[in-house]
Structure formats: C-alpha cells, structure tokens
>>> print(open('upload25.txt').read())   # compact mmCIF, C-alpha atoms
# COMPACT_ATOMS: atom_id res chain seq x y z
CA MET I 1279 9.36 20.05 -49.89
CA ILE I 1280 8.98 22.59 -47.11
CA ILE I 1281 8.25 22.14 -43.42
CA VAL I 1282 6.10 24.33 -41.18
CA ALA I 1283 6.45 23.81 -37.44
CA ASP I 1284 4.51 25.39 -34.59
CA SER I 1285 6.14 24.81 -31.21
CA GLY I 1286 4.63 25.57 -27.83
CA SER I 1287 6.24 24.79 -24.49
CA THR I 1288 4.68 21.32 -24.44
CA ARG I 1289 4.40 20.11 -28.06
CA THR I 1290 5.58 20.89 -31.58
CA ASP I 1291 3.32 20.23 -34.59
CA TRP I 1292 5.24 19.58 -37.82
CA VAL I 1293 3.75 19.61 -41.33
CA VAL I 1294 5.62 18.56 -44.46
CA ILE I 1295 4.30 20.26 -47.61
CA LYS I 1296 4.97 19.02 -51.14
CA GLU I 1297 3.66 20.83 -54.20
CA LYS I 1298 1.07 22.83 -52.23
CA GLU I 1299 -0.32 19.71 -50.54
CA ILE I 1300 0.18 18.29 -47.06
CA PHE I 1301 2.49 15.33 -47.54
CA SER I 1302 3.10 14.24 -43.94
CA THR I 1303 2.67 15.34 -40.31
CA PHE I 1304 4.38 14.42 -37.05
CA ASN I 1305 4.85 15.69 -33.49
CA THR I 1306 7.67 16.20 -31.02
CA ILE I 1307 7.98 17.78 -27.60
CA GLY I 1308 8.01 21.57 -27.42
CA PHE I 1309 11.34 23.15 -28.34
CA ASN I 1310 11.27 26.18 -26.05
CA PRO I 1311 14.94 27.25 -25.88
CA TYR I 1312 14.57 28.22 -22.22
CA PHE I 1313 13.61 24.69 -21.18
CA VAL I 1314 14.83 22.16 -23.76
CA LYS I 1315 18.40 20.91 -24.15
CA ALA I 1316 20.23 20.66 -27.47
CA GLU I 1317 20.47 16.88 -27.29
CA GLU I 1318 16.71 16.62 -26.68
CA ILE I 1319 15.97 18.41 -29.95
CA LYS I 1320 18.18 16.16 -32.02
CA SER I 1321 16.92 13.02 -30.28
CA GLU I 1322 13.26 14.01 -30.75
CA LEU I 1323 13.74 14.69 -34.45
CA GLU I 1324 15.68 11.47 -35.01
CA GLN I 1325 12.91 9.47 -33.34
CA ASN I 1326 9.91 11.17 -34.91
CA PHE I 1327 10.90 12.47 -38.36
CA PRO I 1328 9.19 10.34 -41.05
CA CYS I 1329 11.65 7.72 -42.28
CA THR I 1330 10.05 7.82 -45.75
CA ILE I 1331 11.27 11.38 -46.35
CA ASN I 1332 14.78 12.18 -47.54
CA LEU I 1333 16.14 15.09 -45.51
CA GLU I 1334 17.90 16.41 -48.60
CA ASP I 1335 14.49 17.00 -50.20
CA ILE I 1336 13.56 19.58 -47.55
CA SER I 1337 14.37 22.97 -49.06
CA ASN I 1338 12.95 25.22 -46.30
CA VAL I 1339 12.00 24.89 -42.66
CA TYR I 1340 9.70 27.55 -41.16
CA PHE I 1341 9.87 27.12 -37.39
CA TYR I 1342 7.69 29.16 -35.04
CA GLY I 1343 8.51 28.65 -31.38
CA SER I 1344 7.55 29.61 -27.86
CA GLY I 1345 10.50 31.41 -26.30
CA CYS I 1346 11.86 32.50 -29.70
CA SER I 1347 11.28 36.19 -29.05
CA SER I 1348 14.88 37.40 -29.22
CA PHE I 1349 17.76 37.12 -31.65
CA GLU I 1350 19.79 35.11 -29.15
CA MET I 1351 17.07 32.53 -28.52
CA ASN I 1352 16.28 32.28 -32.23
CA GLN I 1353 19.93 31.58 -32.93
CA GLU I 1354 19.94 28.85 -30.30
CA ILE I 1355 17.06 27.05 -31.99
CA HIS I 1356 18.43 27.74 -35.47
CA LYS I 1357 21.75 26.14 -34.54
CA ARG I 1358 20.06 23.05 -33.10
CA LEU I 1359 17.73 22.61 -36.09
CA SER I 1360 20.62 23.10 -38.51
CA SER I 1361 22.42 20.11 -37.04
CA PHE I 1362 19.50 17.95 -38.22
CA PHE I 1363 18.25 19.76 -41.34
CA THR I 1364 21.75 20.18 -42.76
CA LYS I 1365 20.66 20.95 -46.34
CA SER I 1366 17.69 23.24 -45.60
CA GLU I 1367 17.17 26.97 -45.33
CA ILE I 1368 15.82 27.55 -41.83
CA GLU I 1369 13.76 30.48 -40.57
CA VAL I 1370 12.99 30.76 -36.86
CA GLU I 1371 10.20 33.06 -35.70
CA HIS I 1372 8.21 33.56 -32.50
CA ASP I 1373 5.09 31.41 -32.06
CA LEU I 1374 3.19 34.66 -31.58
CA LEU I 1375 3.69 35.45 -35.27
CA ALA I 1376 2.41 31.95 -36.06
CA ALA I 1377 -0.72 32.63 -34.03
CA ALA I 1378 -1.26 36.01 -35.70
CA ARG I 1379 -0.86 34.56 -39.19
CA ALA I 1380 -3.13 31.63 -38.37
CA LEU I 1381 -5.83 33.81 -36.82
CA PHE I 1382 -5.75 36.82 -39.15
CA GLY I 1383 -3.87 35.92 -42.33
CA ASN I 1384 -3.32 39.33 -43.89
CA ASP I 1385 -5.83 41.21 -41.71
CA GLU I 1386 -5.30 43.35 -38.61
CA GLY I 1387 -6.23 42.46 -35.03
CA ILE I 1388 -5.17 41.42 -31.55
CA ALA I 1389 -3.92 37.85 -31.41
CA VAL I 1390 -3.87 35.92 -28.14
CA ILE I 1391 -2.17 32.63 -27.30
CA LEU I 1392 -3.60 30.77 -24.32
CA GLY I 1393 -1.97 27.37 -24.08
CA THR I 1394 0.58 26.16 -21.55
CA GLY I 1395 1.61 29.80 -21.32
CA ALA I 1396 0.17 33.05 -22.65
CA ASN I 1397 1.11 35.85 -25.01
CA THR I 1398 -0.58 38.61 -27.01
CA CYS I 1399 0.17 41.03 -29.82
CA HIS I 1400 -1.22 43.69 -32.15
CA TYR I 1401 -0.75 42.40 -35.70
CA ASN I 1402 -1.18 44.73 -38.70
CA GLY I 1403 -1.72 41.99 -41.28
CA LYS I 1404 1.97 41.57 -41.98
CA ASP I 1405 4.01 42.21 -38.86
CA ILE I 1406 3.63 42.32 -35.10
CA ILE I 1407 3.64 46.03 -34.32
CA LYS I 1408 3.22 45.76 -30.55
CA ASN I 1409 3.72 43.00 -28.01
CA VAL I 1410 2.97 43.54 -24.34
CA THR I 1411 5.81 41.56 -22.81
CA SER I 1412 4.99 38.08 -21.57
CA LEU I 1413 6.97 37.40 -18.41
CA GLY I 1414 6.78 33.62 -18.39
CA PHE I 1415 5.26 31.24 -15.88
CA ILE I 1416 6.99 32.65 -12.77
CA LEU I 1417 6.30 36.34 -13.33
CA GLY I 1418 3.41 36.27 -15.78
CA ASP I 1419 1.57 34.02 -18.28
CA GLU I 1420 -1.74 35.43 -17.07
CA GLY I 1421 -4.56 33.39 -18.63
CA GLY I 1422 -2.35 30.44 -19.52
CA ALA I 1423 -2.72 26.91 -18.17
CA ASP I 1424 0.40 27.30 -16.03
CA HIS I 1425 -1.04 30.49 -14.49
CA LEU I 1426 -4.36 28.78 -13.78
CA GLY I 1427 -2.44 25.91 -12.19
CA LYS I 1428 -0.32 28.26 -10.12
CA LEU I 1429 -3.36 30.10 -8.73
CA PHE I 1430 -5.07 26.81 -7.96
CA ILE I 1431 -2.02 25.32 -6.19
CA GLN I 1432 -1.60 28.52 -4.18
CA ASP I 1433 -5.17 28.27 -2.92
CA TYR I 1434 -4.81 24.53 -2.34
CA LEU I 1435 -1.64 24.84 -0.25
CA ASN I 1436 -3.00 27.86 1.62
CA GLU I 1437 -6.14 25.83 2.44
CA ASP I 1438 -8.35 28.42 0.77
CA LEU I 1439 -10.31 25.87 -1.26
CA PRO I 1440 -13.51 24.13 -0.14
CA VAL I 1441 -12.82 20.82 1.58
CA ASP I 1442 -14.55 18.78 -1.10
CA ILE I 1443 -12.40 20.28 -3.89
CA SER I 1444 -9.19 19.76 -1.90
CA GLU I 1445 -10.10 16.16 -1.14
CA LYS I 1446 -11.02 15.51 -4.75
CA PHE I 1447 -7.71 17.01 -5.91
CA TYR I 1448 -5.67 14.89 -3.51
CA SER I 1449 -7.62 11.77 -4.42
CA GLU I 1450 -6.82 12.30 -8.10
CA PHE I 1451 -3.18 13.43 -7.91
CA ARG I 1452 -1.87 12.12 -4.55
CA LEU I 1453 0.61 14.98 -4.24
CA SER I 1454 2.09 16.04 -0.93
CA LYS I 1455 3.27 19.57 -0.24
CA THR I 1456 6.86 18.36 -0.51
CA GLN I 1457 6.24 16.74 -3.89
CA ILE I 1458 4.63 19.93 -5.20
CA PHE I 1459 7.56 22.01 -4.00
CA GLN I 1460 10.04 19.64 -5.65
CA ALA I 1461 8.13 19.70 -8.94
CA VAL I 1462 7.97 23.50 -8.95
CA TYR I 1463 11.39 24.42 -7.56
CA LYS I 1464 13.70 21.51 -8.39
CA LYS I 1465 12.48 19.39 -11.30
CA ALA I 1466 12.53 20.17 -15.02
CA HIS I 1467 9.59 21.84 -16.78
CA PRO I 1468 7.69 23.27 -13.76
CA ASN I 1469 5.48 25.20 -16.18
CA ARG I 1470 4.19 21.94 -17.64
CA PHE I 1471 3.61 20.59 -14.13
CA LEU I 1472 1.45 23.57 -13.20
CA ALA I 1473 -0.33 23.50 -16.55
CA SER I 1474 -1.23 19.83 -16.05
CA PHE I 1475 -3.92 20.84 -13.53
CA SER I 1476 -5.90 22.84 -16.10
CA LYS I 1477 -8.13 19.89 -16.97
CA PHE I 1478 -9.02 19.35 -13.29
CA ILE I 1479 -9.76 23.06 -12.91
CA ARG I 1480 -12.03 23.03 -15.95
CA GLU I 1481 -13.86 19.89 -14.82
CA ASN I 1482 -14.57 21.51 -11.44
CA SER I 1483 -15.48 24.99 -12.65
CA ASN I 1484 -18.99 24.52 -11.24
CA SER I 1485 -17.39 25.23 -7.85
CA LYS I 1486 -17.54 28.94 -7.03
CA ALA I 1487 -14.02 28.84 -5.62
CA VAL I 1488 -12.60 27.26 -8.77
CA LEU I 1489 -14.57 29.59 -11.03
CA ASP I 1490 -13.09 32.48 -9.07
CA ILE I 1491 -9.59 31.22 -9.91
CA ILE I 1492 -10.46 31.08 -13.61
CA GLU I 1493 -11.94 34.60 -13.54
CA ARG I 1494 -8.92 35.96 -11.64
CA SER I 1495 -6.57 34.58 -14.25
CA PHE I 1496 -8.58 35.91 -17.22
CA ASN I 1497 -9.10 39.30 -15.57
CA GLN I 1498 -5.34 39.60 -15.17
CA LEU I 1499 -4.95 38.68 -18.84
CA PHE I 1500 -7.05 41.70 -19.78
CA VAL I 1501 -5.63 44.13 -17.24
CA LYS I 1502 -1.97 43.29 -17.80
CA HIS I 1503 -2.11 42.63 -21.54
CA ILE I 1504 -5.15 43.13 -23.76
CA CYS I 1505 -6.27 46.47 -22.32
CA LYS I 1506 -2.81 47.92 -22.96
CA TYR I 1507 -3.34 47.83 -26.72
CA GLU I 1508 -4.63 51.12 -28.08
CA ASN I 1509 -8.17 50.82 -29.44
CA TYR I 1510 -8.42 47.21 -28.24
CA LYS I 1511 -12.22 47.52 -28.14
CA GLU I 1512 -12.37 48.39 -31.83
CA LEU I 1513 -9.87 45.80 -33.09
CA PRO I 1514 -10.90 42.19 -33.81
CA LEU I 1515 -9.90 39.92 -30.91
CA ARG I 1516 -9.04 36.29 -31.66
CA ALA I 1517 -7.32 33.51 -29.74
CA THR I 1518 -5.69 30.14 -30.14
CA GLY I 1519 -4.60 27.45 -27.70
CA SER I 1520 -6.12 24.75 -25.52
CA VAL I 1521 -7.13 27.12 -22.70
CA ALA I 1522 -8.83 29.53 -25.10
CA PHE I 1523 -10.63 26.62 -26.76
CA PHE I 1524 -11.83 24.77 -23.65
CA TYR I 1525 -12.55 27.88 -21.55
CA GLU I 1526 -14.26 29.85 -24.33
CA LYS I 1527 -17.40 30.51 -22.27
CA GLU I 1528 -15.53 31.76 -19.20
CA LEU I 1529 -13.13 33.76 -21.36
CA ASN I 1530 -15.92 35.62 -23.13
CA GLU I 1531 -17.76 36.23 -19.86
CA VAL I 1532 -14.69 38.11 -18.64
CA ALA I 1533 -14.26 39.82 -22.02
CA LYS I 1534 -17.76 41.33 -21.61
CA LYS I 1535 -16.50 43.29 -18.60
CA TYR I 1536 -14.02 45.01 -20.89
CA ASP I 1537 -16.56 45.72 -23.66
CA THR I 1538 -15.13 43.26 -26.15
CA LYS I 1539 -15.38 39.60 -27.17
CA PHE I 1540 -13.36 36.87 -28.83
CA GLU I 1541 -14.84 36.65 -32.31
CA LYS I 1542 -12.79 33.58 -33.23
CA ILE I 1543 -11.05 30.86 -31.22
CA ILE I 1544 -9.13 27.92 -32.67
CA ARG I 1545 -7.59 25.14 -30.64
CA GLU I 1546 -4.40 24.74 -32.70
CA PRO I 1547 -2.88 27.22 -35.16
CA ILE I 1548 -1.06 24.65 -37.27
CA ASP I 1549 -3.82 24.01 -39.86
CA SER I 1550 -4.41 27.68 -40.62
CA LEU I 1551 -0.67 28.40 -40.45
CA THR I 1552 -0.01 25.62 -42.95
CA GLN I 1553 -2.61 27.08 -45.30
CA TYR I 1554 -0.96 30.51 -44.93
CA HIS I 1555 2.33 29.04 -46.15
CA ILE I 1556 0.68 27.07 -48.95
CA ASN I 1557 -0.86 30.33 -50.14
CA MET I 1558 2.59 31.94 -50.13
CA ILE I 1559 4.07 29.29 -52.45
CA VAL I 1560 4.43 30.70 -55.97
>>> encode(input="upload25.txt", output="structure tokens")
Amino acid sequence: MIIVADSGSTRTDWVVIKEKEIFSTFNTIGFNPYFVKAEEIKSELEQNFPCTINLEDISNVYFYGSGCSSFEMNQEIHKRLSSFFTKSEIEVEHDLLAAARALFGNDEGIAVILGTGANTCHYNGKDIIKNVTSLGFILGDEGGADHLGKLFIQDYLNEDLPVDISEKFYSEFRLSKTQIFQAVYKKAHPNRFLASFSKFIRENSNSKAVLDIIERSFNQLFVKHICKYENYKELPLRATGSVAFFYEKELNEVAKKYDTKFEKIIREPIDSLTQYHINMIV
C-alpha cells in the first residue's frame, strides 16, 4: 500500500492506494509546519487513520504540504510523520508540486493554487522551474481566501464599506473590533480566521464595494505573480483550490485584462494527484 496526501493550511486529504486502486480515504487538519504543532500531527493521525489498515503495510507515503517549500520545513514534517509511519518510506514535497502534477501531469504550464492561501509556479512537465515567492498571509497570498478576508476586514474596520454590507456582516458574525484584533494578532491560525470570510464575500459579490475587493485581490495576483513568468500569455494557465473554483467567473474577468484565461480549474487536486501516482506504479 502507498499513501498520497495533499495538505493545505486548513485540511489534508489522504488517499490509501492498494494495487493501483483507491483502498481508503480520510482527512485531517492541515499540516503546515509554520502553524501546526508536532503533537497535533500525531494526535490527528491517531484519531483519523483507518483502524482497518495495518501501518506496517504502508510501504510509501507521498506527502505534499503547504509551507513545505524549504529543506528545513520538509524535515520538520518528515520527522513528525516518521513518528507515526515508522515502517514507511516518506517523501515530503511542496503542495505546489502537487498542484502542478494534478493540473498538468507531464505537460508544461503555469499552475496556480488559490485556497486558504495562494501560490504559483512554472512547471515544465516534470519539475517546478520557477516559483515567484509566496510571502504568506501577512505579506502576500494575493488571490487567496485569507487575502480576500484581509482586504474585506480592512475596509470593514475603516468604515469604507456600504452600511448595508457592514450591518449584514455584523449580524452574521457578531465580531467586535477587539475580537477581530485578538483573532488576527493573538490567537492561533489567523490565516484561517481571515479566510473564513471568503464565503460571505462571495455571497455578497453583487455589491460593487465587495466586487471591488475581489478584483483588487485578483489583480494583485496577476501583477505580483502570474505576470512575472516569462511568456505567461502563451503558456497554459490552470488553477486549483476553493477560491479558484468558486470565483471562476471573477477570476477570468480579471484574467482578460492580462490577455489570458484559466483554461482549467479544479476544486481539489487530490483526485488527479492520486491518478498521477497510480500511473507511476510499475
């Protein structure tokens, strides 16, 4: 048996493969090494790993994770996974490679992740050959749910939103300025807190002010990331993630301004990524 795992900042999708067939699936929280503690990883796996599967039967674990973009962070996750999968060979890669493999297989193009956070790369069909650095939810993540949430909260607290939108937001979330500050500056997982407002933003995109926030975020995605790839207009452009999936119309409206379009968008990469690994089994 082998396991393929795709981990964002919020959730990890796990697929157990046996003899080129999907044997089992399960989910845990996201294992981003910048936000999750070692004990959380072990606890999540102990609670959610299928009890019908013998851990000793798992020969390989292919883990793709948000935040796993450096040797040091990969080693952190590798060490934590090894304490659970004690008999398995473990490979830890960036979730950007998972997205590229899921979106393009062995073909070339620009892969974009728009989920809780955001990231992009130029993939040559085998490797990532260029990655415009993603700076995370504080300094970047343009186009991601946390970035949309941040722009919205900024306008809300600065009283730049129409009264009806502000009242509707308060009625739904009942958050004071102090509570927002505590969630962003003091509590764990502020990126998830900001990303949690994406659904509200989408549901109120008929408001010009809210639509402006969406367009600002996606314009910054292009200016700060996609347009920095050489020949980006000629390369296929594809995306994965909840924001890309649910905001497809708005995303392609902005893409038109830059003479390109998203030719393919998938909500989750795990199905296509699983098939990629099944195809690799000899």
>>> residues_around(input="upload25.txt", residues="Gly1403 in chain I", least_positions_apart="6", cutoff="10 Å", atoms="only C-alpha atoms", output="list in words")
Ala1378, Arg1379, Phe1382, Gly1383, Asn1384, Asp1385, Glu1386 and Gly1387 of chain I
>>> write_last_selection(input="upload25.txt", atoms="C-alpha atoms", output="mmCIF file, in the coordinates of the input")
data_model
loop_
_atom_site.group_PDB
_atom_site.id
_atom_site.type_symbol
_atom_site.label_atom_id
_atom_site.label_comp_id
_atom_site.auth_asym_id
_atom_site.auth_seq_id
_atom_site.Cartn_x
_atom_site.Cartn_y
_atom_site.Cartn_z
ATOM 1 C CA ALA I 1378 -1.260 36.010 -35.700
ATOM 2 C CA ARG I 1379 -0.860 34.560 -39.190
ATOM 3 C CA PHE I 1382 -5.750 36.820 -39.150
ATOM 4 C CA GLY I 1383 -3.870 35.920 -42.330
ATOM 5 C CA ASN I 1384 -3.320 39.330 -43.890
ATOM 6 C CA ASP I 1385 -5.830 41.210 -41.710
ATOM 7 C CA GLU I 1386 -5.300 43.350 -38.610
ATOM 8 C CA GLY I 1387 -6.230 42.460 -35.030
#
>>> atom_distance(input="upload25.txt", atom1="CA of Ile1307 in chain I", atom2="CA of Thr1290 in chain I")
5.6 Å
>>> closest_atom_pairs(input="upload25.txt", of="range 1283-1392 of chain I", to="range 1490-1511 of chain I", cutoff="10 Å", atoms="only C-alpha atoms", output="Markdown table")
| residue | atom | partner | partner_atom | distance |
| --- | --- | --- | --- | --- |
| I:Gly1387 | CA | I:Tyr1510 | CA | 8.6 |
| I:Ile1388 | CA | I:Tyr1510 | CA | 7.4 |
| I:Ala1389 | CA | I:Ile1504 | CA | 9.4 |
| I:Val1390 | CA | I:Ile1504 | CA | 8.5 |
| I:Leu1392 | CA | I:Leu1499 | CA | 9.7 |
>>> residues_around(input="upload25.txt", residues="Thr1411 in chain I", least_positions_apart="2", cutoff="10 Å", atoms="only C-alpha atoms", output="count of residues only")
12
>>> closest_residue(input="upload25.txt", among="I:Val1441, I:Ala1473, I:Leu1417, I:Ile1479", to="Tyr1525 in chain I", atoms="all atoms listed in the file")
I:Ile1479
>>> decode(input="upload25.txt", residues="range 1358-1430 of chain I", atoms="C-alpha atoms", output="JSON list (two decimals), in the first residue's frame")
[["chain", "number", "residue", "atom", "x", "y", "z"],
["I", 1358, "ARG", "CA", 6.68, 14.22, 12.60],
["I", 1359, "LEU", "CA", 5.26, 11.81, 10.01],
["I", 1360, "SER", "CA", 8.03, 9.30, 10.72],
["I", 1361, "SER", "CA", 6.95, 9.06, 14.33],
["I", 1362, "PHE", "CA", 3.61, 7.67, 13.10],
["I", 1363, "PHE", "CA", 4.53, 5.86, 9.87],
["I", 1364, "THR", "CA", 7.51, 4.10, 11.45],
["I", 1365, "LYS", "CA", 7.90, 1.42, 8.76],
["I", 1366, "SER", "CA", 7.30, 3.57, 5.66],
["I", 1367, "GLU", "CA", 9.48, 5.43, 3.21],
["I", 1368, "ILE", "CA", 8.34, 9.05, 3.39],
["I", 1369, "GLU", "CA", 8.73, 11.76, 0.75],
["I", 1370, "VAL", "CA", 7.75, 15.34, 1.59],
["I", 1371, "GLU", "CA", 7.20, 17.83, -1.21],
["I", 1372, "HIS", "CA", 5.62, 21.26, -1.56],
["I", 1373, "ASP", "CA", 1.87, 21.37, -2.26],
["I", 1374, "LEU", "CA", 2.72, 23.48, -5.30],
["I", 1375, "LEU", "CA", 4.25, 20.41, -6.95],
["I", 1376, "ALA", "CA", 1.06, 18.51, -6.09],
["I", 1377, "ALA", "CA", -1.00, 21.19, -7.82],
["I", 1378, "ALA", "CA", 1.26, 21.19, -10.88],
["I", 1379, "ARG", "CA", 1.13, 17.40, -11.19],
["I", 1380, "ALA", "CA", -2.63, 17.36, -10.69],
["I", 1381, "LEU", "CA", -3.26, 20.15, -13.20],
["I", 1382, "PHE", "CA", -0.72, 19.28, -15.90],
["I", 1383, "GLY", "CA", 0.51, 15.72, -15.39],
["I", 1384, "ASN", "CA", 3.54, 15.61, -17.67],
["I", 1385, "ASP", "CA", 2.72, 18.79, -19.61],
["I", 1386, "GLU", "CA", 4.05, 22.34, -19.22],
["I", 1387, "GLY", "CA", 2.17, 25.34, -17.85],
["I", 1388, "ILE", "CA", 1.59, 27.83, -15.06],
["I", 1389, "ALA", "CA", -0.05, 26.26, -12.02],
["I", 1390, "VAL", "CA", -1.92, 28.40, -9.50],
["I", 1391, "ILE", "CA", -3.16, 27.48, -6.03],
["I", 1392, "LEU", "CA", -5.97, 29.65, -4.68],
["I", 1393, "GLY", "CA", -7.23, 28.18, -1.44],
["I", 1394, "THR", "CA", -6.73, 29.47, 2.09],
["I", 1395, "GLY", "CA", -3.52, 30.96, 0.74],
["I", 1396, "ALA", "CA", -2.04, 31.37, -2.73],
["I", 1397, "ASN", "CA", 0.97, 30.23, -4.72],
["I", 1398, "THR", "CA", 2.06, 29.89, -8.34],
["I", 1399, "CYS", "CA", 4.75, 28.22, -10.43],
["I", 1400, "HIS", "CA", 6.03, 27.49, -13.92],
["I", 1401, "TYR", "CA", 6.07, 23.70, -14.31],
["I", 1402, "ASN", "CA", 7.89, 22.05, -17.23],
["I", 1403, "GLY", "CA", 6.06, 18.73, -17.05],
["I", 1404, "LYS", "CA", 8.46, 17.24, -14.54],
["I", 1405, "ASP", "CA", 9.80, 19.91, -12.21],
["I", 1406, "ILE", "CA", 8.96, 23.38, -10.99],
["I", 1407, "ILE", "CA", 11.42, 25.59, -12.85],
["I", 1408, "LYS", "CA", 10.29, 28.93, -11.41],
["I", 1409, "ASN", "CA", 8.29, 29.98, -8.38],
["I", 1410, "VAL", "CA", 7.51, 33.62, -7.69],
["I", 1411, "THR", "CA", 7.85, 33.64, -3.92],
["I", 1412, "SER", "CA", 4.64, 33.48, -1.92],
["I", 1413, "LEU", "CA", 5.01, 35.66, 1.17],
["I", 1414, "GLY", "CA", 2.24, 34.16, 3.28],
["I", 1415, "PHE", "CA", -0.91, 35.73, 4.68],
["I", 1416, "ILE", "CA", 0.75, 38.75, 6.33],
["I", 1417, "LEU", "CA", 2.94, 39.89, 3.44],
["I", 1418, "GLY", "CA", 1.28, 38.22, 0.46],
["I", 1419, "ASP", "CA", -1.13, 35.41, -0.51],
["I", 1420, "GLU", "CA", -2.67, 37.68, -3.14],
["I", 1421, "GLY", "CA", -5.79, 35.99, -4.53],
["I", 1422, "GLY", "CA", -6.14, 33.57, -1.63],
["I", 1423, "ALA", "CA", -9.09, 33.41, 0.77],
["I", 1424, "ASP", "CA", -7.01, 34.89, 3.58],
["I", 1425, "HIS", "CA", -6.06, 37.84, 1.34],
["I", 1426, "LEU", "CA", -9.68, 38.40, 0.35],
["I", 1427, "GLY", "CA", -10.61, 38.30, 4.03],
["I", 1428, "LYS", "CA", -7.86, 40.71, 4.96],
["I", 1429, "LEU", "CA", -8.93, 43.26, 2.36],
["I", 1430, "PHE", "CA", -12.55, 42.93, 3.44]]
